[in-house]
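A.B. asks: If it helps, the file is called entry_14.tsv and holds TSV, C-alpha atoms and all ligand atoms:
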```tsv
chain	number	residue	atom	x	y	z
A	1	MET	CA	68.01	85.03	101.36
A	2	LEU	CA	70.38	87.15	103.49
A	3	HIS	CA	68.84	90.20	105.15
A	4	VAL	CA	71.44	92.92	104.89
A	5	GLY	CA	71.95	96.43	106.26
A	6	ILE	CA	74.29	99.21	105.17
A	7	VAL	CA	75.23	101.98	107.60
A	8	GLY	CA	76.95	105.04	106.15
A	9	VAL	CA	74.98	104.61	102.95
A	10	SER	CA	75.33	108.27	101.93
A	11	GLY	CA	79.10	107.90	101.44
A	12	PHE	CA	81.08	106.62	98.46
A	13	THR	CA	81.65	103.08	99.74
A	14	GLY	CA	78.03	102.93	100.95
A	15	LEU	CA	76.88	103.78	97.44
A	16	GLU	CA	79.08	101.04	95.95
A	17	LEU	CA	77.67	98.52	98.44
A	18	VAL	CA	74.12	99.38	97.40
A	19	LYS	CA	74.96	99.03	93.70
A	20	LEU	CA	76.59	95.65	94.26
A	21	LEU	CA	74.00	94.21	96.63
A	22	LEU	CA	70.98	95.31	94.57
A	23	HIS	CA	72.01	92.72	91.99
A	24	HIS	CA	73.26	90.06	94.38
A	25	PRO	CA	71.00	87.01	93.95
A	26	ALA	CA	71.24	85.92	97.61
A	27	VAL	CA	70.69	89.32	99.23
A	28	SER	CA	67.81	91.53	100.23
A	29	ILE	CA	68.82	95.06	101.27
A	30	ASP	CA	66.47	95.54	104.20
A	31	TYR	CA	67.97	98.56	105.88
A	32	ILE	CA	70.01	101.55	104.75
A	33	ALA	CA	71.04	104.16	107.28
A	34	SER	CA	73.15	107.24	107.72
A	35	ARG	CA	73.60	110.13	110.10
A	36	SER	CA	71.87	112.70	107.89
A	37	HIS	CA	69.29	112.66	105.05
A	38	ILE	CA	66.95	110.51	107.20
A	39	GLY	CA	63.63	109.87	105.48
A	40	GLU	CA	64.97	110.89	102.06
A	41	PRO	CA	65.17	108.44	99.16
A	42	LEU	CA	68.76	107.40	98.48
A	43	SER	CA	68.30	108.66	94.92
A	44	ASN	CA	67.98	112.20	96.33
A	45	ILE	CA	71.59	111.95	97.53
A	46	PHE	CA	72.79	110.02	94.49
A	47	PRO	CA	70.65	110.97	91.45
A	48	SER	CA	72.53	108.28	89.49
A	49	LEU	CA	70.27	105.86	91.40
A	50	ASN	CA	67.00	107.42	90.19
A	51	SER	CA	64.51	104.60	89.55
A	52	ILE	CA	67.24	102.10	90.49
A	53	CYS	CA	67.10	102.57	94.27
A	54	ASP	CA	64.61	105.00	95.71
A	55	LYS	CA	64.67	103.28	99.11
A	56	LYS	CA	64.47	105.67	102.05
A	57	ILE	CA	67.41	106.30	104.36
A	58	GLU	CA	66.67	105.42	107.98
A	59	ALA	CA	68.18	106.60	111.25
A	60	ILE	CA	70.88	104.43	112.81
A	61	ASN	CA	68.93	102.18	115.16
A	62	GLU	CA	70.47	99.35	117.16
A	63	ASP	CA	67.29	97.28	117.34
A	64	ARG	CA	66.82	97.43	113.57
A	65	LEU	CA	70.44	96.36	113.08
A	66	LYS	CA	70.10	93.37	115.39
A	67	SER	CA	67.25	91.96	113.28
A	68	LEU	CA	69.49	91.48	110.22
A	69	ASP	CA	71.85	88.69	109.12
A	70	VAL	CA	74.80	90.92	108.32
A	71	VAL	CA	75.57	94.62	108.43
A	72	PHE	CA	78.15	96.57	106.45
A	73	LEU	CA	79.56	99.56	108.30
A	74	ALA	CA	80.77	102.21	105.84
A	75	LEU	CA	81.51	104.80	108.51
A	76	PRO	CA	84.58	106.86	109.37
A	77	HIS	CA	87.06	105.25	111.74
A	78	GLY	CA	86.23	106.03	115.36
A	79	VAL	CA	82.50	106.21	114.55
A	80	SER	CA	82.36	102.60	113.47
A	81	MET	CA	83.67	101.14	116.71
A	82	GLU	CA	81.04	102.99	118.73
A	83	LEU	CA	78.39	100.94	116.96
A	84	VAL	CA	80.37	97.69	116.86
A	85	CYS	CA	80.86	97.80	120.64
A	86	LYS	CA	77.07	97.86	121.09
A	87	ILE	CA	75.86	95.27	118.58
A	88	HIS	CA	78.75	92.87	117.92
A	89	ASN	CA	77.35	89.88	119.81
A	90	LYS	CA	73.99	90.00	118.04
A	91	ILE	CA	74.98	90.04	114.42
A	92	ARG	CA	77.76	89.46	111.89
A	93	LEU	CA	79.52	92.66	110.91
A	94	ILE	CA	81.77	93.78	108.07
A	95	ASP	CA	83.52	96.99	109.03
A	96	LEU	CA	85.05	99.01	106.19
A	97	SER	CA	86.81	101.39	108.57
A	98	ALA	CA	90.21	100.91	110.16
A	99	ASP	CA	88.82	100.35	113.66
A	100	PHE	CA	89.55	96.63	113.94
A	101	ARG	CA	92.51	96.20	111.60
A	102	LEU	CA	95.39	97.00	113.94
A	103	SER	CA	96.49	95.75	117.34
A	104	LYS	CA	95.35	97.97	120.22
A	105	ASP	CA	98.80	99.54	120.62
A	106	LEU	CA	99.21	100.31	116.94
A	107	TYR	CA	95.64	101.59	116.65
A	108	GLU	CA	96.11	103.95	119.57
A	109	LYS	CA	99.45	105.15	118.19
A	110	TRP	CA	98.07	105.91	114.72
A	111	TYR	CA	94.37	106.69	115.38
A	112	LYS	CA	92.87	107.26	118.83
A	113	THR	CA	91.88	105.51	122.07
A	114	HIS	CA	90.03	102.30	121.26
A	115	LEU	CA	86.59	101.89	122.83
A	116	CYS	CA	86.43	98.09	122.79
A	117	PRO	CA	90.01	96.77	122.47
A	118	ASP	CA	88.97	93.24	123.53
A	119	LEU	CA	87.06	92.92	120.27
A	120	ILE	CA	90.13	93.58	118.13
A	121	GLU	CA	91.41	90.05	118.71
A	122	THR	CA	88.11	88.54	117.64
A	123	ALA	CA	88.12	90.42	114.33
A	124	VAL	CA	89.43	88.76	111.17
A	125	TYR	CA	91.44	90.84	108.70
A	126	GLY	CA	89.26	90.45	105.63
A	127	LEU	CA	91.76	89.87	102.87
A	128	PRO	CA	90.28	86.71	101.27
A	129	GLU	CA	93.47	85.78	99.42
A	130	LEU	CA	95.23	85.56	102.79
A	131	ASN	CA	92.60	84.62	105.37
A	132	LYS	CA	89.85	82.67	103.61
A	133	ASP	CA	89.47	79.98	106.25
A	134	LYS	CA	89.27	82.43	109.12
A	135	ILE	CA	86.76	84.60	107.24
A	136	LYS	CA	84.34	81.63	106.97
A	137	ASP	CA	83.70	81.66	110.71
A	138	ALA	CA	84.23	85.34	111.43
A	139	LYS	CA	81.65	87.35	113.34
A	140	LEU	CA	83.49	90.62	112.77
A	141	ILE	CA	85.46	91.39	109.61
A	142	ALA	CA	88.00	94.20	109.53
A	143	ASN	CA	87.88	95.00	105.82
A	144	PRO	CA	91.40	96.06	104.73
A	145	GLY	CA	92.42	99.56	103.69
A	146	CYS	CA	92.60	100.27	99.96
A	147	TYR	CA	96.35	100.91	99.71
A	148	ALA	CA	96.96	98.00	102.08
A	149	THR	CA	94.95	95.64	99.85
A	150	ALA	CA	96.97	96.46	96.72
A	151	SER	CA	100.31	96.47	98.54
A	152	ILE	CA	99.88	93.25	100.52
A	153	LEU	CA	98.54	91.34	97.50
A	154	ALA	CA	101.57	92.46	95.47
A	155	ILE	CA	104.18	91.59	98.11
A	156	LEU	CA	102.72	88.31	99.44
A	157	PRO	CA	103.79	85.98	96.58
A	158	PHE	CA	107.42	87.08	96.89
A	159	LEU	CA	107.64	87.56	100.65
A	160	ASP	CA	109.68	84.40	101.17
A	161	ILE	CA	112.47	85.45	98.78
A	162	ILE	CA	112.81	89.21	99.17
A	163	GLU	CA	115.28	90.59	101.68
A	164	GLY	CA	115.70	93.91	103.43
A	165	ASP	CA	113.35	96.84	103.47
A	166	VAL	CA	110.53	97.27	100.99
A	167	ILE	CA	109.56	100.58	99.40
A	168	ILE	CA	105.96	101.14	98.30
A	169	ASP	CA	105.30	104.04	95.96
A	170	ALA	CA	101.49	104.34	95.84
A	171	LYS	CA	99.05	106.46	93.86
A	172	SER	CA	95.33	106.86	94.44
A	173	GLY	CA	92.37	108.55	92.83
A	174	VAL	CA	90.58	111.21	94.87
A	175	SER	CA	87.54	109.08	95.86
A	176	GLY	CA	89.93	107.34	98.30
A	177	ALA	CA	89.36	110.31	100.57
A	178	GLY	CA	85.58	109.73	100.67
A	179	LYS	CA	82.92	112.39	100.11
A	180	SER	CA	84.67	114.84	102.36
A	181	LEU	CA	84.56	118.60	101.89
A	182	ARG	CA	88.25	119.38	102.07
A	183	GLU	CA	90.03	122.41	100.66
A	184	ASP	CA	93.01	120.32	99.53
A	185	LEU	CA	90.63	118.17	97.48
A	186	LEU	CA	89.02	121.00	95.51
A	187	PHE	CA	88.98	120.44	91.75
A	188	SER	CA	91.46	123.28	91.20
A	189	GLU	CA	93.86	121.78	93.77
A	190	VAL	CA	93.79	118.29	92.27
A	191	ALA	CA	93.12	118.59	88.53
A	192	SER	CA	96.17	118.74	86.26
A	193	SER	CA	98.46	118.27	89.24
A	194	PHE	CA	100.11	115.48	91.21
A	195	ARG	CA	101.44	115.42	94.74
A	196	ALA	CA	102.68	113.17	97.52
A	197	TYR	CA	101.06	113.31	100.96
A	198	SER	CA	101.54	111.73	104.42
A	199	VAL	CA	105.04	110.74	103.30
A	200	ALA	CA	106.31	107.85	105.45
A	201	LYS	CA	103.59	108.61	108.03
A	202	HIS	CA	100.45	107.24	106.40
A	203	ARG	CA	98.23	104.92	108.49
A	204	HIS	CA	98.44	102.14	105.96
A	205	GLN	CA	102.17	101.80	106.61
A	206	PRO	CA	101.62	100.09	110.01
A	207	GLU	CA	98.69	98.12	108.57
A	208	ILE	CA	100.80	96.63	105.78
A	209	LYS	CA	103.72	96.01	108.12
A	210	GLN	CA	101.55	94.34	110.77
A	211	VAL	CA	100.01	91.90	108.29
A	212	LEU	CA	103.27	90.94	106.58
A	213	SER	CA	105.28	90.79	109.83
A	214	GLU	CA	103.08	87.94	111.01
A	215	MET	CA	104.80	85.89	108.31
A	216	LYS	CA	108.28	87.43	108.21
A	217	PRO	CA	110.01	90.44	109.83
A	218	ILE	CA	109.87	93.30	107.35
A	219	ASN	CA	110.30	97.08	107.23
A	220	ILE	CA	108.13	99.15	104.94
A	221	THR	CA	108.48	102.68	103.62
A	222	PHE	CA	105.15	103.79	102.19
A	223	VAL	CA	104.61	106.97	100.16
A	224	PRO	CA	101.10	107.74	98.85
A	225	HIS	CA	100.32	110.23	96.07
A	226	LEU	CA	97.09	111.82	94.88
A	227	LEU	CA	96.25	111.26	91.23
A	228	PRO	CA	93.94	113.69	89.41
A	229	ILE	CA	91.44	110.89	88.65
A	230	ASN	CA	88.29	109.71	90.39
A	231	ARG	CA	89.13	106.16	91.29
A	232	GLY	CA	91.85	103.54	91.14
A	233	ILE	CA	95.12	102.75	92.92
A	234	LEU	CA	98.46	101.77	91.46
A	235	VAL	CA	101.30	100.64	93.73
A	236	THR	CA	104.90	100.22	92.60
A	237	ILE	CA	106.89	98.09	95.00
A	238	TYR	CA	110.67	97.93	95.18
A	239	ALA	CA	112.08	94.85	96.92
A	240	ASN	CA	115.62	93.50	96.95
A	241	LEU	CA	116.51	89.93	96.07
A	242	PRO	CA	119.49	88.15	97.66
A	243	THR	CA	120.64	86.85	94.29
A	244	ILE	CA	119.65	86.80	90.63
A	245	PHE	CA	116.43	84.89	90.03
A	246	ASP	CA	115.26	83.63	86.69
A	247	GLU	CA	112.36	85.74	85.35
A	248	VAL	CA	110.40	82.71	84.19
A	249	PHE	CA	110.75	81.16	87.66
A	250	LEU	CA	109.44	84.37	89.26
A	251	PHE	CA	106.49	84.60	86.88
A	252	GLU	CA	105.55	80.96	87.53
A	253	LYS	CA	105.86	81.58	91.26
A	254	LEU	CA	103.46	84.53	91.03
A	255	LYS	CA	101.02	82.61	88.82
A	256	ARG	CA	101.07	79.59	91.12
A	257	PHE	CA	100.48	81.71	94.22
A	258	TYR	CA	97.18	83.04	92.88
A	259	ILE	CA	96.14	80.08	90.76
A	260	ASN	CA	92.94	79.51	92.76
A	261	GLU	CA	92.09	83.16	93.36
A	262	PRO	CA	89.32	84.41	91.06
A	263	PHE	CA	90.05	88.09	91.62
A	264	VAL	CA	93.80	88.33	91.12
A	265	ARG	CA	94.87	88.60	87.50
A	266	VAL	CA	98.56	87.91	86.98
A	267	LEU	CA	99.66	89.66	83.80
A	268	LYS	CA	102.66	89.54	81.50
A	269	ASN	CA	102.11	93.19	80.54
A	270	LEU	CA	102.21	96.02	83.05
A	271	PRO	CA	98.81	96.67	84.63
A	272	GLN	CA	96.98	99.97	84.41
A	273	ILE	CA	94.22	101.50	86.47
A	274	SER	CA	91.62	101.79	83.70
A	275	ASN	CA	91.65	98.01	83.17
A	276	CYS	CA	90.57	97.36	86.78
A	277	VAL	CA	88.22	100.22	87.59
A	278	GLY	CA	84.65	99.01	88.09
A	279	THR	CA	85.73	95.51	89.15
A	280	ASN	CA	86.88	93.46	92.12
A	281	PHE	CA	90.11	92.56	90.32
A	282	CYS	CA	93.63	93.15	91.48
A	283	ASP	CA	95.87	93.18	88.38
A	284	MET	CA	99.51	92.50	88.94
A	285	SER	CA	102.84	91.95	87.22
A	286	PHE	CA	106.53	92.53	87.88
A	287	ALA	CA	109.81	93.50	86.25
A	288	LEU	CA	113.29	92.42	87.24
A	289	ASP	CA	115.99	95.07	87.59
A	290	LYS	CA	118.91	92.76	86.91
A	291	ASP	CA	121.61	95.41	87.47
A	292	ASN	CA	120.50	95.84	91.06
A	293	ASN	CA	118.95	92.46	91.94
A	294	ARG	CA	115.71	94.27	92.52
A	295	LEU	CA	112.16	93.11	91.98
A	296	ILE	CA	109.68	95.78	90.95
A	297	ILE	CA	106.10	94.65	91.45
A	298	ILE	CA	103.13	96.63	90.20
A	299	GLY	CA	99.60	96.14	91.50
A	300	VAL	CA	96.36	97.86	90.56
A	301	ILE	CA	92.88	97.91	92.10
A	302	ASP	CA	89.74	100.04	92.20
A	303	ASN	CA	89.98	101.66	95.66
A	304	LEU	CA	86.20	101.75	96.12
A	305	LEU	CA	85.72	98.11	95.03
A	306	LYS	CA	88.55	95.63	95.71
A	307	GLY	CA	89.89	98.33	98.05
A	308	ALA	CA	86.59	98.53	99.95
A	309	SER	CA	83.03	97.57	98.94
A	310	SER	CA	83.38	94.61	96.57
A	311	GLN	CA	86.04	93.10	98.81
A	312	ALA	CA	83.46	93.47	101.62
A	313	VAL	CA	80.91	91.58	99.49
A	314	GLN	CA	83.55	88.92	98.70
A	315	ASN	CA	83.99	88.55	102.47
A	316	MET	CA	80.22	88.26	102.97
A	317	ASN	CA	80.05	85.51	100.34
A	318	ILE	CA	82.76	83.54	102.12
A	319	MET	CA	81.20	84.09	105.57
A	320	PHE	CA	77.84	82.71	104.44
A	321	GLY	CA	79.11	79.81	102.35
A	322	LEU	CA	78.10	81.40	99.05
A	323	LYS	CA	80.17	81.19	95.87
A	324	GLU	CA	83.02	83.67	96.35
A	325	GLU	CA	82.27	85.37	93.02
A	326	GLU	CA	78.50	85.69	93.62
A	327	GLY	CA	77.33	89.18	92.62
A	328	LEU	CA	80.87	90.20	91.69
A	329	ASN	CA	80.94	89.37	88.01
A	330	LEU	CA	81.80	92.98	87.19
A	331	LYS	CA	83.20	94.30	83.94
A	332	PRO	CA	85.82	97.07	83.87
A	333	TYR	CA	84.59	100.56	82.96
A	334	TYR	CA	87.34	100.85	80.29
A	335	PRO	CA	87.56	103.13	78.38
B	401	LIG	N1	86.93	105.74	99.93
B	401	LIG	C1	87.72	104.66	99.84
B	401	LIG	O1	88.34	104.40	98.79
B	401	LIG	C2	87.87	103.74	101.01
B	401	LIG	C3	87.28	103.99	102.24
B	401	LIG	N2	87.47	103.13	103.28
B	401	LIG	C4	86.86	103.38	104.59
B	401	LIG	O2	85.46	103.15	104.50
B	401	LIG	C5	84.76	104.02	105.38
B	401	LIG	C6	83.75	104.84	104.55
B	401	LIG	O3	84.47	105.57	103.57
B	401	LIG	P1	83.78	106.47	102.46
B	401	LIG	O4	82.53	105.84	102.01
B	401	LIG	O5	84.83	106.79	101.48
B	401	LIG	O6	83.45	107.78	103.33
B	401	LIG	P2	82.42	108.96	103.04
B	401	LIG	O7	82.97	110.15	103.72
B	401	LIG	O8	82.13	109.05	101.58
B	401	LIG	O9	81.09	108.49	103.80
B	401	LIG	C7	81.07	108.39	105.19
B	401	LIG	C8	79.70	107.95	105.67
B	401	LIG	O10	79.72	107.94	107.10
B	401	LIG	C9	78.66	108.75	107.62
B	401	LIG	N3	79.15	109.48	108.81
B	401	LIG	C10	80.12	110.40	108.88
B	401	LIG	N4	80.31	110.81	110.14
B	401	LIG	C11	79.40	110.15	110.88
B	401	LIG	C12	79.05	110.16	112.26
B	401	LIG	N5	79.71	110.91	113.14
B	401	LIG	N6	78.06	109.34	112.67
B	401	LIG	C13	77.39	108.57	111.80
B	401	LIG	N7	77.67	108.55	110.48
B	401	LIG	C14	78.65	109.32	110.03
B	401	LIG	C15	78.32	109.71	106.52
B	401	LIG	O11	76.95	110.00	106.72
B	401	LIG	P3	76.33	111.44	106.52
B	401	LIG	O12	76.55	111.76	105.06
B	401	LIG	O13	74.91	111.23	106.85
B	401	LIG	O14	77.08	112.33	107.44
B	401	LIG	C16	78.56	108.86	105.28
B	401	LIG	O15	77.43	108.06	105.01
B	401	LIG	C17	85.82	104.90	106.05
B	401	LIG	O16	86.18	104.35	107.28
B	401	LIG	C18	86.98	104.84	105.07
B	401	LIG	O17	88.20	105.08	105.69
B	401	LIG	C19	88.19	101.98	103.14
B	401	LIG	C20	88.78	101.69	101.96
B	401	LIG	C21	88.69	102.55	100.80
B	402	LIG	C1	93.26	109.47	98.44
B	402	LIG	C2	93.04	109.29	99.92
B	402	LIG	O1	92.91	110.24	100.67
B	402	LIG	N1	93.00	108.02	100.35
B	402	LIG	C3	92.77	107.68	101.71
B	402	LIG	C4	92.72	106.18	101.84
B	402	LIG	C5	91.74	105.82	102.89
B	402	LIG	C6	91.42	104.35	103.06
B	402	LIG	O2	91.68	103.42	102.40
B	402	LIG	O3	90.76	104.07	104.03
B	402	LIG	P1	90.98	103.77	105.55
B	402	LIG	O4	90.97	105.12	106.20
B	402	LIG	O5	89.79	102.97	105.77
B	402	LIG	O6	92.22	103.05	105.83
B	402	LIG	C7	93.86	108.23	102.64
B	402	LIG	O7	95.00	108.35	102.21
B	402	LIG	O8	93.57	108.42	103.83
```
Now that the file is in, can you turn its structure into structure tokens?
C.D. replies:
Amino acid sequence: MLHVGIVGVSGFTGLELVKLLLHHPAVSIDYIASRSHIGEPLSNIFPSLNSICDKKIEAINEDRLKSLDVVFLALPHGVSMELVCKIHNKIRLIDLSADFRLSKDLYEKWYKTHLCPDLIETAVYGLPELNKDKIKDAKLIANPGCYATASILAILPFLDIIEGDVIIDAKSGVSGAGKSLREDLLFSEVASSFRAYSVAKHRHQPEIKQVLSEMKPINITFVPHLLPINRGILVTIYANLPTIFDEVFLFEKLKRFYINEPFVRVLKNLPQISNCVGTNFCDMSFALDKDNNRLIIIGVIDNLLKGASSQAVQNMNIMFGLKEEEGLNLKPYYP
């Protein structure tokens, strides 16, 4: 039995981790912590958990953390690394924040001064479909960003044949912003509306570029939008092809690429958010714009699950030699 802790349990991804791990056959949730609500049952913060998880929230305590097998950090970026710097050599960690995803230079350009830059190189970027072997031995997992997960998974199978710059048009539900109290996220600002934000200056642009550039030089233009829904991400990717490719060949190429991956569903029809929400799936398909030799790839995930918490559990399973799908046999919420 793995003894597990969750820090940042009062946030959205923390809640998802609790829901997943409560039913994980190889896990005991020994410790849940957050900055506030200490001593309160988790079900006080999330009444949806009444009589499901009334466990009390504890203060963040380094000694308690060190006694566990693995800890999930569901904290804001900047806060997470403060803790990682102190406890990294005692315990295996899965960090949902951005603190260990980027090189030091990129991190400091897009975020802030890094407190323990030497640790960045020891961290493994936790995208199982890309880095499974490295994840097995990792002590510190940098769980990928939600937009980055959907975008990288959609581009990877075609990376060897696309040429030139890639455009990613991305849309996310509001839970991607966490449980933050922000004026621009008020119901009346978001409902019945649709807007772009952080155009060509979003922090997932360097994340996606860094990961893909390790395989092939590539330029990315990334434009996120806020959908008036709770959860889910859909990315539409425009990539140029050097010549006309046969559609059947491209479909087989995509299928073959993910043939052994339990959580990528390659579809003939176009994917939609409601078919993925509530699961660890990434649904994906493509269309060929023959007039312009352009490949248009569409990928969909649940930002809180494959984009964060269930991907973190998938990483834990791989790290501890469990079946990759353990505890992740989730059914979509549709309708
Ligand atoms: N939401 C999403 O779709 C995704 C989120 N992520 C990343 O996962 C991490 C968690 O995100 P999410 O759950 O959405 O965020 P939330 O804002 O919903 O929750 C944040 C959690 O961090 C705690 N916290 C905030 N500030 C501090 C602090 N200074 N010291 C200690 N604890 C603090 C909060 O505790 P308290 O309530 O007690 O203040 C809360 O438990 C973030 O790094 C986010 O970027 C990654 C992928 C997708
Ligand atoms: C809708 C929304 O606001 N989404 C978030 C995505 C955050 C995310 O995935 O997390 P990291 O900060 O861990 O990279 C954003 O655009 O910042």
A.B. asks: Give me the residues near Phe194 of chain A as a list in words, where near means some atom within 10 Å (using all atoms listed in the file) and where sequence neighbours in that chain fewer than 4 positions away do not count.
C.D. replies: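 Skipping anything fewer than 4 positions along the chain leaves Lys171, Glu189, Val190, His225, Leu226, Leu227 and Pro228 of chain A.
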A.B. asks: Counting all atoms listed in the file, which residues sit no farther than 10 Å from the position (86.0, 98.1, 113.7) in the file's frame? I'd like them as a VMD selection string.
C.D. replies: chain A and resid 73 75 to 85 88 93 to 102 114 to 117 119 to 120 123 140 to 143
A.B. asks: What would the list of residues within 10 Å of (95.9, 99.2, 87.4) (file frame) look like as a PDB file with C-alpha atoms, keeping the file's coordinate frame, if only C-alpha atoms are what count?
C.D. replies:
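Saved the output as selection28.pdb:
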```
ATOM      1  CA  ALA A 150      96.970  96.460  96.720  1.00  0.00           C
ATOM      2  CA  GLY A 232      91.850 103.540  91.140  1.00  0.00           C
ATOM      3  CA  ILE A 233      95.120 102.750  92.920  1.00  0.00           C
ATOM      4  CA  LEU A 234      98.460 101.770  91.460  1.00  0.00           C
ATOM      5  CA  VAL A 235     101.300 100.640  93.730  1.00  0.00           C
ATOM      6  CA  LEU A 270     102.210  96.020  83.050  1.00  0.00           C
ATOM      7  CA  PRO A 271      98.810  96.670  84.630  1.00  0.00           C
ATOM      8  CA  GLN A 272      96.980  99.970  84.410  1.00  0.00           C
ATOM      9  CA  ILE A 273      94.220 101.500  86.470  1.00  0.00           C
ATOM     10  CA  SER A 274      91.620 101.790  83.700  1.00  0.00           C
ATOM     11  CA  ASN A 275      91.650  98.010  83.170  1.00  0.00           C
ATOM     12  CA  CYS A 276      90.570  97.360  86.780  1.00  0.00           C
ATOM     13  CA  VAL A 277      88.220 100.220  87.590  1.00  0.00           C
ATOM     14  CA  PHE A 281      90.110  92.560  90.320  1.00  0.00           C
ATOM     15  CA  CYS A 282      93.630  93.150  91.480  1.00  0.00           C
ATOM     16  CA  ASP A 283      95.870  93.180  88.380  1.00  0.00           C
ATOM     17  CA  MET A 284      99.510  92.500  88.940  1.00  0.00           C
ATOM     18  CA  ILE A 298     103.130  96.630  90.200  1.00  0.00           C
ATOM     19  CA  GLY A 299      99.600  96.140  91.500  1.00  0.00           C
ATOM     20  CA  VAL A 300      96.360  97.860  90.560  1.00  0.00           C
ATOM     21  CA  ILE A 301      92.880  97.910  92.100  1.00  0.00           C
ATOM     22  CA  ASP A 302      89.740 100.040  92.200  1.00  0.00           C
TER      23      ASP A 302
END
```
A.B. asks: Which neighbours of Ile229 of chain A fall inside 8 Å, counting all atoms listed in the file, when residues of the same chain fewer than 4 positions from it are skipped, and could you give them as a list in words?
C.D. replies: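 Listing them by chain and then by number gives Gly173, Val174 and Ala191 of chain A.
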A.B. asks: Give the padded box for ligand LIG 402 (chain B) as AutoDock Vina command-line options: axis-aligned, covering all atoms listed in the file, 8 Å on each side, centre and edge lengths in Å to one decimal.
C.D. replies:
```
--center_x 92.4 --center_y 106.6 --center_z 102.3 --size_x 21.2 --size_y 23.3 --size_z 23.8
```
A.B. asks: Using all atoms listed in the file, which residues sit within 7 Å of Ala59 of chain A once same-chain residues fewer than 2 positions away are excluded, as a list in words?
C.D. replies: Ala33, Ser34, Arg35, Ile38, Ile57 and Asn61 of chain A
A.B. asks: List the spatial neighbours of segment 327-330 of chain A as an NGL selection string - criterion: any atom at most 8 Å away, all atoms listed in the file, same-chain residues fewer than 6 positions off excluded.
C.D. replies: :A and (20-21 or 23-25 or 278-280 or 310 or 313-314)
A.B. asks: Taking all atoms listed in the file into account, list the residues no farther than 6 Å from ligand LIG 401 (chain B), as a PyMOL selection string.
C.D. replies: chain A and resi 8-14+34-36+74-77+79+96-97+145-146+175-180+303-304+307-308
A.B. asks: Calculated over all atoms listed in the file, which of the candidates A:Glu214, A:Glu207, A:Asp246, A:Glu326 has the smallest distance to ligand LIG 402 (chain B)?
C.D. replies: A:Glu207
